[in-house]
>>> print(open('model25.cif').read())   # mmCIF, C-alpha atoms
data_input
loop_
_atom_site.group_PDB
_atom_site.id
_atom_site.type_symbol
_atom_site.label_atom_id
_atom_site.label_comp_id
_atom_site.auth_asym_id
_atom_site.auth_seq_id
_atom_site.Cartn_x
_atom_site.Cartn_y
_atom_site.Cartn_z
ATOM 1 C CA MET P 1 111.627 116.200 103.363
ATOM 2 C CA SER P 2 113.969 113.250 103.801
ATOM 3 C CA ASP P 3 116.788 112.970 101.265
ATOM 4 C CA ILE P 4 116.038 109.252 100.856
ATOM 5 C CA ASN P 5 113.344 108.589 98.287
ATOM 6 C CA VAL P 6 111.964 105.100 98.878
ATOM 7 C CA GLY P 7 110.716 102.760 96.190
ATOM 8 C CA PHE P 8 108.718 99.565 96.535
ATOM 9 C CA VAL P 9 108.974 96.909 93.844
ATOM 10 C CA GLY P 10 105.942 94.834 94.741
ATOM 11 C CA ALA P 11 102.881 96.313 96.431
ATOM 12 C CA GLY P 12 101.130 93.198 97.658
ATOM 13 C CA ARG P 13 99.541 92.388 100.969
ATOM 14 C CA MET P 14 102.724 92.832 103.024
ATOM 15 C CA ALA P 15 103.944 95.935 101.209
ATOM 16 C CA GLN P 16 100.650 97.858 101.259
ATOM 17 C CA PRO P 17 100.679 98.621 105.021
ATOM 18 C CA MET P 18 104.409 99.411 104.906
ATOM 19 C CA ILE P 19 103.841 101.908 102.093
ATOM 20 C CA ARG P 20 100.923 103.494 103.934
ATOM 21 C CA ARG P 21 102.980 103.770 107.128
ATOM 22 C CA LEU P 22 105.783 105.623 105.350
ATOM 23 C CA ALA P 23 103.324 107.799 103.432
ATOM 24 C CA ALA P 24 101.583 108.820 106.661
ATOM 25 C CA ARG P 25 104.822 110.363 107.902
ATOM 26 C CA GLY P 26 104.760 112.791 104.976
ATOM 27 C CA ASP P 27 108.517 113.388 104.992
ATOM 28 C CA ARG P 28 109.678 111.535 101.882
ATOM 29 C CA GLU P 29 108.761 110.675 98.307
ATOM 30 C CA ILE P 30 107.559 107.103 97.828
ATOM 31 C CA HIS P 31 107.630 105.333 94.475
ATOM 32 C CA VAL P 32 105.714 102.119 93.800
ATOM 33 C CA TYR P 33 105.654 99.519 91.057
ATOM 34 C CA ASP P 34 103.666 96.290 90.908
ATOM 35 C CA ARG P 35 103.033 94.230 87.812
ATOM 36 C CA ASP P 36 99.372 94.082 88.850
ATOM 37 C CA PRO P 37 97.955 97.599 88.197
ATOM 38 C CA ARG P 38 95.260 96.996 90.825
ATOM 39 C CA ALA P 39 97.887 96.998 93.571
ATOM 40 C CA GLY P 40 99.045 100.471 92.609
ATOM 41 C CA ALA P 41 95.461 101.681 92.262
ATOM 42 C CA ARG P 42 94.852 100.859 95.928
ATOM 43 C CA LEU P 43 97.475 103.480 96.814
ATOM 44 C CA ALA P 44 96.106 106.241 94.571
ATOM 45 C CA ASP P 45 94.686 108.119 97.567
ATOM 46 C CA LEU P 46 98.152 108.819 99.000
ATOM 47 C CA PRO P 47 99.617 112.159 97.827
ATOM 48 C CA ALA P 48 103.182 111.146 98.736
ATOM 49 C CA VAL P 49 103.055 108.081 96.466
ATOM 50 C CA THR P 50 103.932 107.977 92.779
ATOM 51 C CA VAL P 51 102.839 104.791 91.022
ATOM 52 C CA HIS P 52 105.052 103.689 88.117
ATOM 53 C CA ASP P 53 104.018 101.492 85.202
ATOM 54 C CA GLU P 54 107.437 99.862 84.854
ATOM 55 C CA PRO P 55 110.237 99.126 87.357
ATOM 56 C CA GLY P 56 112.985 101.002 85.524
ATOM 57 C CA SER P 57 111.530 104.451 86.163
ATOM 58 C CA LEU P 58 110.988 103.593 89.842
ATOM 59 C CA LEU P 59 114.577 102.444 90.295
ATOM 60 C CA SER P 60 115.799 105.668 88.699
ATOM 61 C CA ALA P 61 113.667 107.793 91.036
ATOM 62 C CA ALA P 62 114.455 106.027 94.318
ATOM 63 C CA SER P 63 117.703 106.024 96.264
ATOM 64 C CA LEU P 64 116.526 103.059 98.325
ATOM 65 C CA ALA P 65 114.326 100.392 96.735
ATOM 66 C CA ILE P 66 112.539 97.747 98.792
ATOM 67 C CA LEU P 67 111.749 94.446 97.085
ATOM 68 C CA SER P 68 108.572 92.829 98.427
ATOM 69 C CA LEU P 69 108.120 89.937 96.041
ATOM 70 C CA PRO P 70 106.660 86.426 96.207
ATOM 71 C CA GLY P 71 109.854 84.423 95.834
ATOM 72 C CA PRO P 72 113.309 83.790 94.363
ATOM 73 C CA GLN P 73 112.331 83.962 90.700
ATOM 74 C CA ALA P 74 110.744 87.401 91.043
ATOM 75 C CA VAL P 75 113.711 88.757 93.007
ATOM 76 C CA GLU P 76 116.281 87.472 90.531
ATOM 77 C CA GLY P 77 114.193 88.709 87.611
ATOM 78 C CA THR P 78 114.137 92.219 89.053
ATOM 79 C CA VAL P 79 117.899 92.215 89.563
ATOM 80 C CA SER P 80 118.442 90.899 86.034
ATOM 81 C CA ASP P 81 116.272 93.686 84.623
ATOM 82 C CA LEU P 82 118.205 96.216 86.685
ATOM 83 C CA VAL P 83 121.586 94.990 85.449
ATOM 84 C CA ALA P 84 120.371 94.905 81.842
ATOM 85 C CA GLY P 85 119.243 98.544 81.955
ATOM 86 C CA ASP P 86 120.859 101.823 82.947
ATOM 87 C CA THR P 87 122.017 101.124 86.488
ATOM 88 C CA PRO P 88 121.358 104.104 88.794
ATOM 89 C CA ALA P 89 124.462 105.870 90.054
ATOM 90 C CA GLU P 90 123.487 105.322 93.682
ATOM 91 C CA LEU P 91 120.928 102.775 94.753
ATOM 92 C CA THR P 92 120.524 100.589 97.812
ATOM 93 C CA LEU P 93 118.414 97.529 97.013
ATOM 94 C CA VAL P 94 116.749 96.051 100.103
ATOM 95 C CA ASN P 95 115.253 92.593 99.638
ATOM 96 C CA THR P 96 112.524 91.994 102.220
ATOM 97 C CA SER P 97 111.292 88.911 100.342
ATOM 98 C CA THR P 98 111.923 85.413 101.668
ATOM 99 C CA SER P 99 113.954 84.141 98.734
ATOM 100 C CA GLY P 100 116.737 81.944 100.096
ATOM 101 C CA ILE P 101 120.512 81.917 100.363
ATOM 102 C CA ALA P 102 121.293 80.991 96.765
ATOM 103 C CA THR P 103 119.218 83.839 95.336
ATOM 104 C CA SER P 104 120.942 86.384 97.577
ATOM 105 C CA LYS P 105 124.375 85.180 96.560
ATOM 106 C CA ARG P 106 123.497 85.300 92.856
ATOM 107 C CA CYS P 107 121.988 88.789 93.196
ATOM 108 C CA ALA P 108 125.006 90.122 95.073
ATOM 109 C CA GLU P 109 127.329 88.659 92.437
ATOM 110 C CA ARG P 110 125.342 90.165 89.565
ATOM 111 C CA LEU P 111 125.308 93.591 91.206
ATOM 112 C CA ALA P 112 129.000 93.587 92.133
ATOM 113 C CA GLY P 113 130.749 96.512 90.475
ATOM 114 C CA THR P 114 127.537 98.222 89.373
ATOM 115 C CA GLY P 115 127.354 100.683 92.274
ATOM 116 C CA VAL P 116 124.085 99.126 93.468
ATOM 117 C CA ARG P 117 124.341 97.960 97.072
ATOM 118 C CA PHE P 118 122.381 94.823 97.980
ATOM 119 C CA VAL P 119 120.948 94.233 101.449
ATOM 120 C CA ASP P 120 119.044 91.179 102.603
ATOM 121 C CA ALA P 121 116.245 92.204 104.976
ATOM 122 C CA PRO P 122 113.637 89.426 105.162
ATOM 123 C CA VAL P 123 110.795 90.353 107.450
ATOM 124 C CA SER P 124 108.929 88.491 110.176
ATOM 125 C CA GLY P 125 105.577 89.245 111.767
ATOM 126 C CA GLY P 126 103.041 88.947 108.981
ATOM 127 C CA VAL P 127 100.433 91.397 107.759
ATOM 128 C CA VAL P 128 99.176 92.307 111.235
ATOM 129 C CA ALA P 129 102.665 93.359 112.337
ATOM 130 C CA ALA P 130 103.091 95.348 109.124
ATOM 131 C CA GLU P 131 99.871 97.204 109.900
ATOM 132 C CA ARG P 132 100.973 97.886 113.470
ATOM 133 C CA GLY P 133 104.547 98.818 112.574
ATOM 134 C CA THR P 134 105.898 96.018 114.764
ATOM 135 C CA LEU P 135 107.764 94.002 112.129
ATOM 136 C CA THR P 136 111.121 92.371 112.754
ATOM 137 C CA PHE P 137 113.760 92.773 110.046
ATOM 138 C CA ILE P 138 116.739 90.422 109.760
ATOM 139 C CA VAL P 139 119.499 92.077 107.745
ATOM 140 C CA SER P 140 122.837 91.150 106.226
ATOM 141 C CA GLY P 141 125.066 92.839 103.707
ATOM 142 C CA PRO P 142 127.765 95.513 103.430
ATOM 143 C CA ALA P 143 127.878 97.634 106.573
ATOM 144 C CA ALA P 144 127.503 100.921 104.689
ATOM 145 C CA ALA P 145 124.418 99.652 102.855
ATOM 146 C CA VAL P 146 122.864 98.349 106.064
ATOM 147 C CA ASP P 147 123.424 101.780 107.620
ATOM 148 C CA VAL P 148 121.491 103.391 104.750
ATOM 149 C CA ALA P 149 118.611 100.936 105.081
ATOM 150 C CA ARG P 150 118.347 100.881 108.877
ATOM 151 C CA PRO P 151 116.483 104.216 109.413
ATOM 152 C CA VAL P 152 113.766 103.300 106.895
ATOM 153 C CA LEU P 153 113.400 99.785 108.284
ATOM 154 C CA GLY P 154 113.210 101.315 111.747
ATOM 155 C CA GLU P 155 110.178 103.317 110.632
ATOM 156 C CA LEU P 156 108.455 100.105 109.518
ATOM 157 C CA GLY P 157 109.252 97.787 112.414
ATOM 158 C CA GLU P 158 110.356 97.494 116.013
ATOM 159 C CA ARG P 159 113.533 95.450 115.671
ATOM 160 C CA VAL P 160 116.346 95.302 113.133
ATOM 161 C CA PHE P 161 118.821 92.451 113.662
ATOM 162 C CA ASP P 162 122.115 92.664 111.762
ATOM 163 C CA VAL P 163 123.388 89.085 111.403
ATOM 164 C CA GLY P 164 126.484 89.616 109.261
ATOM 165 C CA ARG P 165 128.125 90.870 106.126
ATOM 166 C CA GLU P 166 127.795 87.868 103.805
ATOM 167 C CA PRO P 167 124.882 87.759 101.331
ATOM 168 C CA GLY P 168 122.319 85.165 102.333
ATOM 169 C CA LEU P 169 122.937 85.100 106.080
ATOM 170 C CA ALA P 170 119.719 86.974 106.848
ATOM 171 C CA GLN P 171 117.833 84.648 104.509
ATOM 172 C CA ALA P 172 119.228 81.656 106.410
ATOM 173 C CA VAL P 173 118.051 83.071 109.733
ATOM 174 C CA LYS P 174 114.623 83.915 108.298
ATOM 175 C CA SER P 175 114.144 80.439 106.860
ATOM 176 C CA ALA P 176 115.128 78.895 110.204
ATOM 177 C CA ASN P 177 112.665 81.154 112.000
ATOM 178 C CA ASN P 178 109.903 80.191 109.574
ATOM 179 C CA MET P 179 110.714 76.508 109.990
ATOM 180 C CA LEU P 180 110.248 76.862 113.751
ATOM 181 C CA GLY P 181 107.030 78.857 113.466
ATOM 182 C CA LEU P 182 105.422 76.704 110.776
ATOM 183 C CA SER P 183 106.388 73.441 112.435
ATOM 184 C CA ALA P 184 104.849 74.787 115.651
ATOM 185 C CA LEU P 185 101.649 75.673 113.782
ATOM 186 C CA LEU P 186 101.385 72.159 112.377
ATOM 187 C CA ALA P 187 102.151 70.581 115.753
ATOM 188 C CA THR P 188 99.582 72.796 117.505
ATOM 189 C CA ALA P 189 96.947 71.817 114.947
ATOM 190 C CA GLU P 190 97.658 68.143 115.578
ATOM 191 C CA ALA P 191 97.559 68.609 119.365
ATOM 192 C CA THR P 192 94.264 70.500 119.396
ATOM 193 C CA VAL P 193 92.527 68.203 116.916
ATOM 194 C CA VAL P 194 93.497 65.127 118.951
ATOM 195 C CA LEU P 195 92.220 66.747 122.134
ATOM 196 C CA ALA P 196 89.000 67.910 120.462
ATOM 197 C CA ARG P 197 88.307 64.323 119.368
ATOM 198 C CA LEU P 198 88.772 63.270 122.991
ATOM 199 C CA GLY P 199 86.317 65.918 124.206
ATOM 200 C CA VAL P 200 88.574 68.824 125.229
ATOM 201 C CA ASP P 201 87.517 72.323 124.123
ATOM 202 C CA PRO P 202 90.273 73.660 121.809
ATOM 203 C CA ALA P 203 90.100 77.095 123.447
ATOM 204 C CA GLN P 204 90.718 75.517 126.837
ATOM 205 C CA ALA P 205 93.544 73.423 125.400
ATOM 206 C CA ILE P 206 95.227 76.563 124.050
ATOM 207 C CA GLU P 207 94.838 78.240 127.443
ATOM 208 C CA VAL P 208 96.570 75.271 129.087
ATOM 209 C CA PHE P 209 99.384 75.246 126.517
ATOM 210 C CA ASN P 210 99.994 78.970 127.038
ATOM 211 C CA ALA P 211 100.356 78.420 130.784
ATOM 212 C CA SER P 212 102.639 75.437 130.214
ATOM 213 C CA SER P 213 105.710 74.313 128.319
ATOM 214 C CA GLY P 214 103.818 73.789 125.047
ATOM 215 C CA ARG P 215 103.312 77.498 124.338
ATOM 216 C CA ASN P 216 104.645 78.767 121.036
ATOM 217 C CA SER P 217 103.863 81.379 118.394
ATOM 218 C CA ALA P 218 100.842 79.397 117.199
ATOM 219 C CA THR P 219 99.298 79.010 120.655
ATOM 220 C CA LEU P 220 100.048 82.613 121.612
ATOM 221 C CA GLU P 221 98.958 84.336 118.406
ATOM 222 C CA LYS P 222 97.741 82.341 115.414
ATOM 223 C CA PHE P 223 95.235 80.100 117.178
ATOM 224 C CA PRO P 224 93.634 82.778 119.400
ATOM 225 C CA ARG P 225 93.441 85.339 116.595
ATOM 226 C CA GLU P 226 92.788 83.231 113.504
ATOM 227 C CA VAL P 227 91.671 79.691 114.360
ATOM 228 C CA LEU P 228 89.486 79.954 117.455
ATOM 229 C CA THR P 229 87.725 82.996 115.991
ATOM 230 C CA GLY P 230 87.167 81.284 112.634
ATOM 231 C CA ARG P 231 88.869 84.210 110.877
ATOM 232 C CA PHE P 232 91.575 82.150 109.122
ATOM 233 C CA ASP P 233 93.261 85.217 107.636
ATOM 234 C CA PHE P 234 96.877 85.249 108.792
ATOM 235 C CA GLY P 235 97.870 86.184 105.246
ATOM 236 C CA PHE P 236 100.137 83.265 104.358
ATOM 237 C CA SER P 237 99.102 80.402 102.096
ATOM 238 C CA PHE P 238 99.923 76.690 102.216
ATOM 239 C CA ALA P 239 101.865 77.161 98.971
ATOM 240 C CA ALA P 240 103.984 79.869 100.625
ATOM 241 C CA VAL P 241 104.639 77.545 103.578
ATOM 242 C CA VAL P 242 105.881 74.835 101.215
ATOM 243 C CA LYS P 243 108.154 77.358 99.491
ATOM 244 C CA ASP P 244 109.624 78.669 102.746
ATOM 245 C CA LEU P 245 110.216 75.244 104.294
ATOM 246 C CA GLY P 246 111.875 74.230 101.039
ATOM 247 C CA LEU P 247 114.247 77.187 101.416
ATOM 248 C CA PHE P 248 115.194 75.991 104.901
ATOM 249 C CA LEU P 249 115.898 72.507 103.556
ATOM 250 C CA GLU P 250 118.167 74.135 100.960
ATOM 251 C CA ALA P 251 119.979 75.945 103.780
ATOM 252 C CA ALA P 252 120.345 72.690 105.707
ATOM 253 C CA HIS P 253 121.738 71.008 102.594
ATOM 254 C CA GLU P 254 124.290 73.806 102.207
ATOM 255 C CA ALA P 255 125.264 73.244 105.841
ATOM 256 C CA GLY P 256 125.695 69.521 105.140
ATOM 257 C CA LEU P 257 122.875 68.418 107.444
ATOM 258 C CA ASP P 258 119.801 66.200 107.183
ATOM 259 C CA VAL P 259 117.099 67.725 109.393
ATOM 260 C CA ASP P 260 114.259 65.356 110.241
ATOM 261 C CA VAL P 261 111.708 67.755 111.755
ATOM 262 C CA ALA P 262 111.880 70.203 108.851
ATOM 263 C CA ARG P 263 111.812 67.410 106.277
ATOM 264 C CA HIS P 264 108.714 65.805 107.773
ATOM 265 C CA ALA P 265 106.969 69.179 108.235
ATOM 266 C CA HIS P 266 107.714 70.107 104.625
ATOM 267 C CA ALA P 267 106.269 66.811 103.410
ATOM 268 C CA ALA P 268 103.085 67.265 105.477
ATOM 269 C CA TRP P 269 102.473 70.829 104.270
ATOM 270 C CA ARG P 270 103.220 69.781 100.682
ATOM 271 C CA ARG P 271 100.663 66.958 100.867
ATOM 272 C CA ALA P 272 98.079 69.425 102.149
ATOM 273 C CA ALA P 273 98.837 71.870 99.330
ATOM 274 C CA GLU P 274 98.552 69.078 96.775
ATOM 275 C CA ASP P 275 95.224 68.008 98.321
ATOM 276 C CA GLY P 276 93.676 71.360 97.427
ATOM 277 C CA TYR P 277 94.768 73.587 100.296
ATOM 278 C CA GLY P 278 97.525 75.376 98.346
ATOM 279 C CA ASP P 279 95.805 78.756 98.026
ATOM 280 C CA LEU P 280 94.153 78.677 101.462
ATOM 281 C CA ASP P 281 95.432 80.469 104.547
ATOM 282 C CA CYS P 282 97.972 78.403 106.477
ATOM 283 C CA THR P 283 95.898 78.600 109.676
ATOM 284 C CA ARG P 284 93.421 76.232 108.020
ATOM 285 C CA VAL P 285 95.951 73.489 108.699
ATOM 286 C CA VAL P 286 93.667 72.576 111.604
ATOM 287 C CA ASP P 287 90.999 71.645 109.032
ATOM 288 C CA TYR P 288 93.464 69.577 107.068
ATOM 289 C CA VAL P 289 94.589 67.669 110.177
ATOM 290 C CA ALA P 290 90.962 67.071 111.084
ATOM 291 C CA GLY P 291 90.343 65.557 107.660
ATOM 292 C CA ALA P 292 88.109 68.313 106.325
ATOM 293 C CA GLY P 293 87.961 68.510 102.547
ATOM 294 C CA VAL P 294 88.235 71.674 100.493
ATOM 295 C CA ASP P 295 84.938 73.075 99.224
#
>>> encode(input="model25.cif", output="structure tokens")
Amino acid sequence: MSDINVGFVGAGRMAQPMIRRLAARGDREIHVYDRDPRAGARLADLPAVTVHDEPGSLLSAASLAILSLPGPQAVEGTVSDLVAGDTPAELTLVNTSTSGIATSKRCAERLAGTGVRFVDAPVSGGVVAAERGTLTFIVSGPAAAVDVARPVLGELGERVFDVGREPGLAQAVKSANNMLGLSALLATAEATVVLARLGVDPAQAIEVFNASSGRNSATLEKFPREVLTGRFDFGFSFAAVVKDLGLFLEAAHEAGLDVDVARHAHAAWRRAAEDGYGDLDCTRVVDYVAGAGVD
């Protein structure tokens, strides 16, 4: 058995396949906590997994704890609870959530001197990549803590990019990556809807884009897999898009820059969320652009 017991605080849609991937190896103990008991119940069939009913016992049992949470408030709340309780003697806290620069800095400051090592490791690739084990992790933090986290992250994904020692650097890179990907998704929706109105088959349009300079992550993956098939199940909501683009705008503000593309994309996605699309999968942006209402 591995000497690193892994905990997951948060067992939602992204964490579930990661937990199952580690459990399938059978070489380590895995501890799980989610405030929704149904999330833990979905893992009850895995003998390597212990489901906890509160985060404190999980953090005491794990030497490396992965946070997979919906946003900054949940991440900071977990760290606050950890500091308020009996801090484990040795714990590496790995934040795979997309929670922004400011949250990472506050968490690192709160944990300073406690013995808990904090690593930013936001993840890219979505649910499909988590299921396939092809995730990309972007990490930053103390070198020794990154070294502890790297083998486990390597079991969950294909690439681990170390972008620096300062807290928040990985979050900055992740938010920039999301800005590019989500802006491309919006732009691809606009391009295909315009062409469809003019009589061009969207599937043919995507084929042309992918053979030309317009290809991007939306034309290569999201449209063929989710939009053209009518599946619309990428696993990322309009509300999450608004949150992530907002985090990039915060990063731009910290850098002293006004960024037009991100600002306009954020406004467009926010309008869609406010028009009733908030809980829908982000690949339905093609419906929003086309003027389709929400049932």
>>> closest_residue(input="model25.cif", among="P:Glu226, P:Glu190, P:Asp36, P:Asp120", to="Val289 (chain P)", atoms="only C-alpha atoms")
P:Glu190
>>> resolve_selection(input="model25.cif", expression="the PyMOL selection byres ((chain P and resi 109-114) around 9)", output="PyMOL selection string")
chain P and resi 79-80+82-83+87-89+104-108+115-118
>>> resolve_selection(input="model25.cif", expression="the PyMOL selection byres ((chain P and resi 278) around 9)", output="list of chain:residue names")
P:Ser237, P:Phe238, P:Ala239, P:Ala240, P:Val242, P:Trp269, P:Arg270, P:Ala272, P:Ala273, P:Glu274, P:Asp275, P:Gly276, P:Tyr277, P:Asp279, P:Leu280, P:Asp281, P:Cys282
>>> resolve_selection(input="model25.cif", expression="the PyMOL selection byres ((chain P and resi 91) around 6)", output="PyMOL selection string")
chain P and resi 63-64+90+92+116
>>> closest_residue(input="model25.cif", among="P:Ala255, P:Met179, P:Leu93, P:Val127", to="Gly235 (chain P)", atoms="all atoms listed in the file")
P:Val127
>>> atom_distance(input="model25.cif", atom1="CA of Thr219 (chain P)", atom2="CA of Thr283 (chain P)")
11.5 Å
>>> atom_distance(input="model25.cif", atom1="CA of Val208 (chain P)", atom2="CA of Gly291 (chain P)")
24.3 Å
>>> residues_around(input="model25.cif", residues="Pro37 (chain P)", least_positions_apart="3", cutoff="12 Å", atoms="all atoms listed in the file", output="count of residues only")
15
>>> closest_residue(input="model25.cif", among="P:Ala23, P:Ala130, P:Val227, P:Leu198", to="Glu158 (chain P)", atoms="all atoms listed in the file")
P:Ala130
>>> axis_aligned_box(input="model25.cif", around="region 121-130 of chain P", padding_each_side="3 Å", output="AutoDock Vina command-line options")
--center_x 107.7 --center_y 91.9 --center_z 108.7 --size_x 23.1 --size_y 12.9 --size_z 13.4
>>> atom_distance(input="model25.cif", atom1="CA of Ala268 (chain P)", atom2="CA of Val241 (chain P)")
10.6 Å
>>> residues_around(input="model25.cif", residues="Val193 (chain P)", least_positions_apart="5", cutoff="9 Å", atoms="all atoms listed in the file", output="CSV table (one decimal) with C-alpha atoms, in the coordinates of the input")
chain,number,residue,atom,x,y,z
P,188,THR,CA,99.6,72.8,117.5
P,198,LEU,CA,88.8,63.3,123.0
P,202,PRO,CA,90.3,73.7,121.8
P,286,VAL,CA,93.7,72.6,111.6
P,287,ASP,CA,91.0,71.6,109.0
P,289,VAL,CA,94.6,67.7,110.2
P,290,ALA,CA,91.0,67.1,111.1
>>> residues_around(input="model25.cif", residues="Gly168 (chain P)", least_positions_apart="4", cutoff="9 Å", atoms="all atoms listed in the file", output="PyMOL selection string")
chain P and resi 100-105+120+140-141+172-173
>>> write_last_selection(input="model25.cif", atoms="C-alpha atoms", output="PDB file, in the frame of the given file")
ATOM      1  CA  GLY P 100     116.737  81.944 100.096  1.00  0.00           C
ATOM      2  CA  ILE P 101     120.512  81.917 100.363  1.00  0.00           C
ATOM      3  CA  ALA P 102     121.293  80.991  96.765  1.00  0.00           C
ATOM      4  CA  THR P 103     119.218  83.839  95.336  1.00  0.00           C
ATOM      5  CA  SER P 104     120.942  86.384  97.577  1.00  0.00           C
ATOM      6  CA  LYS P 105     124.375  85.180  96.560  1.00  0.00           C
ATOM      7  CA  ASP P 120     119.044  91.179 102.603  1.00  0.00           C
ATOM      8  CA  SER P 140     122.837  91.150 106.226  1.00  0.00           C
ATOM      9  CA  GLY P 141     125.066  92.839 103.707  1.00  0.00           C
ATOM     10  CA  ALA P 172     119.228  81.656 106.410  1.00  0.00           C
ATOM     11  CA  VAL P 173     118.051  83.071 109.733  1.00  0.00           C
TER      12      VAL P 173
END
>>> residues_around(input="model25.cif", residues="Phe209 (chain P)", least_positions_apart="4", cutoff="10 Å", atoms="only C-alpha atoms", output="ChimeraX atom specification")
/P:188,191-192,203-205,213-216,219-220
>>> residues_around(input="model25.cif", residues="Val163 (chain P)", least_positions_apart="4", cutoff="12 Å", atoms="only C-alpha atoms", output="list in words")
Val119, Asp120, Ala121, Pro122, Phe137, Ile138, Val139, Ser140, Gly141, Pro142, Ala143, Val146, Pro167, Gly168, Leu169, Ala170, Gln171, Ala172, Val173 and Lys174 of chain P
